[in-house]
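Asks: Input: one structure, supplied below.
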Amino acid sequence: QVQLVESGGGLVQAGGSLRLSCAASGRTFSNYVMGWFRQAPGKEREFVAAIRWSGGSTYYTDSMKGRFTISTNNAKNTVYLQMNSLKPEDAAVYYCAAAANGRWSRAAAAAEYDYWGQGTQVTVSS
């Protein structure tokens with residue numbers, strides 16, 4: 001059973017930084033695509049970033065490119081999302097997701113992902 005457990009959310013001032021973690025267990029993830037999505041109240045779930053566990057290719061939505069960095073620690077089976085220069089509009093629940101044999105061309109599509117974490121709240125004060 002795949003489990004994804006996010007942590008690292010919290011309250012930060014605008015311009016600050018947070019690092020989210022997603023601890024993955026229950027499988028060998030070498031063929032997986034891992035993604036971060038977010039959902040603000042009243043809005044649809046939005047793609048943030050994705051990474052291929054094997055090889056480390058990354059993909060970001062344009063508005064977050066340069067501010068957010070996705071990475072993995074293979075020894076710890078953990079995916080990270082480093083978020084810098086946070087803005088009030090970045091406030092949301094952030095979700096980690098895993099796609100078994102995920103198609104890289106579909107990495108931004110929530111439907112591509114098989115497993116989801118419970119989410120971690122990020123609040124950005126202005």
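Ligands are numbered from 1 in the order shown, chains are lettered A, B, ... in the order of the structure tokens, and residues start at 1 in each chain.
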Go through segment 25-84 of chain A and flag each residue having an atom no more than 12 Å from segment 116-121 of chain A; for those, report the closest pair of atoms plus their distance in Å to one decimal, using only C-alpha atoms, ordered by chain and rising number, as a Markdown table.
Replies:
```
| residue | atom | partner | partner_atom | distance |
| --- | --- | --- | --- | --- |
| A:Ser25 | CA | A:Gly117 | CA | 11.2 |
| A:Met34 | CA | A:Trp116 | CA | 10.0 |
| A:Gly35 | CA | A:Trp116 | CA | 9.4 |
| A:Trp36 | CA | A:Trp116 | CA | 9.6 |
| A:Phe37 | CA | A:Gly119 | CA | 9.2 |
| A:Arg38 | CA | A:Gly119 | CA | 8.5 |
| A:Gln39 | CA | A:Gly119 | CA | 9.4 |
| A:Ala40 | CA | A:Gln121 | CA | 9.5 |
| A:Pro41 | CA | A:Gln121 | CA | 11.2 |
| A:Arg45 | CA | A:Gly119 | CA | 11.6 |
| A:Val79 | CA | A:Gly117 | CA | 11.9 |
| A:Leu81 | CA | A:Thr120 | CA | 11.8 |
```
Asks: Once you have the residues from the selection above, write them out as a CSV table (one decimal), in the first residue's frame, restricted to C-alpha atoms.
Replies:
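Wrote it out as result12.csv, contents follow:
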```csv
chain,number,residue,atom,x,y,z
A,25,SER,CA,6.4,4.3,1.4
A,34,MET,CA,6.0,12.5,-8.3
A,35,GLY,CA,4.1,15.7,-8.3
A,36,TRP,CA,3.0,18.6,-6.1
A,37,PHE,CA,-0.4,20.1,-6.5
A,38,ARG,CA,-2.2,22.8,-4.5
A,39,GLN,CA,-5.8,23.8,-3.8
A,40,ALA,CA,-6.9,27.1,-2.4
A,41,PRO,CA,-10.5,27.6,-1.0
A,45,ARG,CA,-6.6,21.8,-7.7
A,79,VAL,CA,10.2,14.4,-2.2
A,81,LEU,CA,9.2,21.3,-2.5
```
Asks: How would you write, as a PDB file with N, CA and C atoms, in the first residue's frame, the set of residues in chain A that DSSP gives as helix (DSSP H, G or I)?
Replies:
```pdb
ATOM      1  N   ASP A  62       4.497  27.633 -15.029  1.00  0.00           N
ATOM      2  CA  ASP A  62       5.277  28.839 -15.329  1.00  0.00           C
ATOM      3  C   ASP A  62       5.325  29.828 -14.173  1.00  0.00           C
ATOM      4  N   SER A  63       4.217  29.982 -13.468  1.00  0.00           N
ATOM      5  CA  SER A  63       4.161  31.009 -12.422  1.00  0.00           C
ATOM      6  C   SER A  63       5.040  30.675 -11.224  1.00  0.00           C
ATOM      7  N   MET A  64       5.479  29.437 -11.124  1.00  0.00           N
ATOM      8  CA  MET A  64       6.299  29.037  -9.987  1.00  0.00           C
ATOM      9  C   MET A  64       7.755  28.777 -10.365  1.00  0.00           C
ATOM     10  N   ASN A  74      16.621  10.052  -2.538  1.00  0.00           N
ATOM     11  CA  ASN A  74      16.310   8.648  -2.790  1.00  0.00           C
ATOM     12  C   ASN A  74      16.533   7.780  -1.554  1.00  0.00           C
ATOM     13  N   ALA A  75      17.545   8.103  -0.776  1.00  0.00           N
ATOM     14  CA  ALA A  75      17.849   7.299   0.417  1.00  0.00           C
ATOM     15  C   ALA A  75      16.718   7.380   1.438  1.00  0.00           C
ATOM     16  N   LYS A  76      16.037   8.525   1.455  1.00  0.00           N
ATOM     17  CA  LYS A  76      14.954   8.721   2.425  1.00  0.00           C
ATOM     18  C   LYS A  76      13.572   8.525   1.805  1.00  0.00           C
ATOM     19  N   PRO A  88       1.059  35.931  -0.960  1.00  0.00           N
ATOM     20  CA  PRO A  88      -0.242  35.553  -0.379  1.00  0.00           C
ATOM     21  C   PRO A  88      -1.038  34.612  -1.274  1.00  0.00           C
ATOM     22  N   GLU A  89      -0.903  34.764  -2.579  1.00  0.00           N
ATOM     23  CA  GLU A  89      -1.654  33.894  -3.498  1.00  0.00           C
ATOM     24  C   GLU A  89      -1.111  32.471  -3.554  1.00  0.00           C
ATOM     25  N   ASP A  90       0.018  32.218  -2.904  1.00  0.00           N
ATOM     26  CA  ASP A  90       0.532  30.848  -2.820  1.00  0.00           C
ATOM     27  C   ASP A  90      -0.142  30.057  -1.689  1.00  0.00           C
ATOM     28  N   TRP A 104       5.249  11.323 -18.675  1.00  0.00           N
ATOM     29  CA  TRP A 104       5.853  12.631 -18.410  1.00  0.00           C
ATOM     30  C   TRP A 104       5.101  13.736 -19.145  1.00  0.00           C
ATOM     31  N   SER A 105       4.574  13.418 -20.312  1.00  0.00           N
ATOM     32  CA  SER A 105       3.824  14.418 -21.076  1.00  0.00           C
ATOM     33  C   SER A 105       2.534  14.816 -20.365  1.00  0.00           C
ATOM     34  N   ARG A 106       2.100  14.004 -19.402  1.00  0.00           N
ATOM     35  CA  ARG A 106       0.866  14.277 -18.670  1.00  0.00           C
ATOM     36  C   ARG A 106       1.153  14.622 -17.214  1.00  0.00           C
ATOM     37  N   ALA A 110      -3.783  16.069 -12.907  1.00  0.00           N
ATOM     38  CA  ALA A 110      -4.067  15.380 -11.656  1.00  0.00           C
ATOM     39  C   ALA A 110      -4.558  13.954 -11.896  1.00  0.00           C
ATOM     40  N   ALA A 111      -5.276  13.758 -12.985  1.00  0.00           N
ATOM     41  CA  ALA A 111      -5.833  12.429 -13.289  1.00  0.00           C
ATOM     42  C   ALA A 111      -4.751  11.393 -13.558  1.00  0.00           C
ATOM     43  N   GLU A 112      -3.529  11.857 -13.827  1.00  0.00           N
ATOM     44  CA  GLU A 112      -2.437  10.920 -14.123  1.00  0.00           C
ATOM     45  C   GLU A 112      -1.919  10.228 -12.875  1.00  0.00           C
TER      46      GLU A 112
END
```
Asks: Nearest to Ile70 of chain A: which of A:Tyr95, A:Ser54, A:Glu46, A:Leu20 is it, counting only C-alpha atoms?
Replies: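 Counting only C-alpha atoms, the residue closest to Ile70 of chain A is A:Leu20.
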Asks: Output as a Markdown table one row per residue of segment 13-74 of chain A within 8 Å of segment 1-8 of chain A: the closest atom pair and its distance in Å to one decimal place, counting only C-alpha atoms, sorted by chain and residue number ascending.
Replies:
```
| residue | atom | partner | partner_atom | distance |
| --- | --- | --- | --- | --- |
| A:Leu18 | CA | A:Gly8 | CA | 7.0 |
| A:Arg19 | CA | A:Gly8 | CA | 5.9 |
| A:Leu20 | CA | A:Gly8 | CA | 4.5 |
| A:Ser21 | CA | A:Ser7 | CA | 5.2 |
| A:Cys22 | CA | A:Glu6 | CA | 4.3 |
| A:Ala23 | CA | A:Val5 | CA | 5.1 |
| A:Ala24 | CA | A:Leu4 | CA | 4.7 |
| A:Ser25 | CA | A:Gln3 | CA | 5.2 |
| A:Gly26 | CA | A:Val2 | CA | 4.4 |
| A:Arg27 | CA | A:Val2 | CA | 6.1 |
```
Asks: Name the closest residue to Ala109 of chain A among the candidates A:Thr61, A:Thr72, A:Thr78, A:Asn84; distances are taken between atoms, counting only C-alpha atoms.
Replies: A:Thr61
Asks: As a PyMOL selection string, please: the residues near Tyr60 of chain A (cut-off 8 Å, only C-alpha atoms, same-chain neighbours under 6 positions excluded).
Replies: chain A and resi 48-50
Asks: Could you dump the residues just selected with N, CA and C atoms as a CSV table (one decimal), in the first residue's frame?
Replies:
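Contents of the output file part17.csv:
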```csv
chain,number,residue,atom,x,y,z
A,48,VAL,N,1.7,22.2,-9.5
A,48,VAL,CA,2.8,23.0,-9.1
A,48,VAL,C,4.1,22.6,-9.7
A,49,ALA,N,4.4,21.3,-9.5
A,49,ALA,CA,5.7,20.8,-10.0
A,49,ALA,C,5.7,19.3,-10.1
A,50,ALA,N,6.6,18.7,-10.9
A,50,ALA,CA,6.7,17.3,-11.0
A,50,ALA,C,8.2,16.9,-11.2
```
Asks: Determine which residues of chain A receive a DSSP assignment of strand (DSSP E), computed from the backbone, and state them as a ChimeraX atom specification.
Replies: /A:3-7,10-13,18-25,33-39,46-52,58-60,68-73,78-83,92-99,115-116,120-125
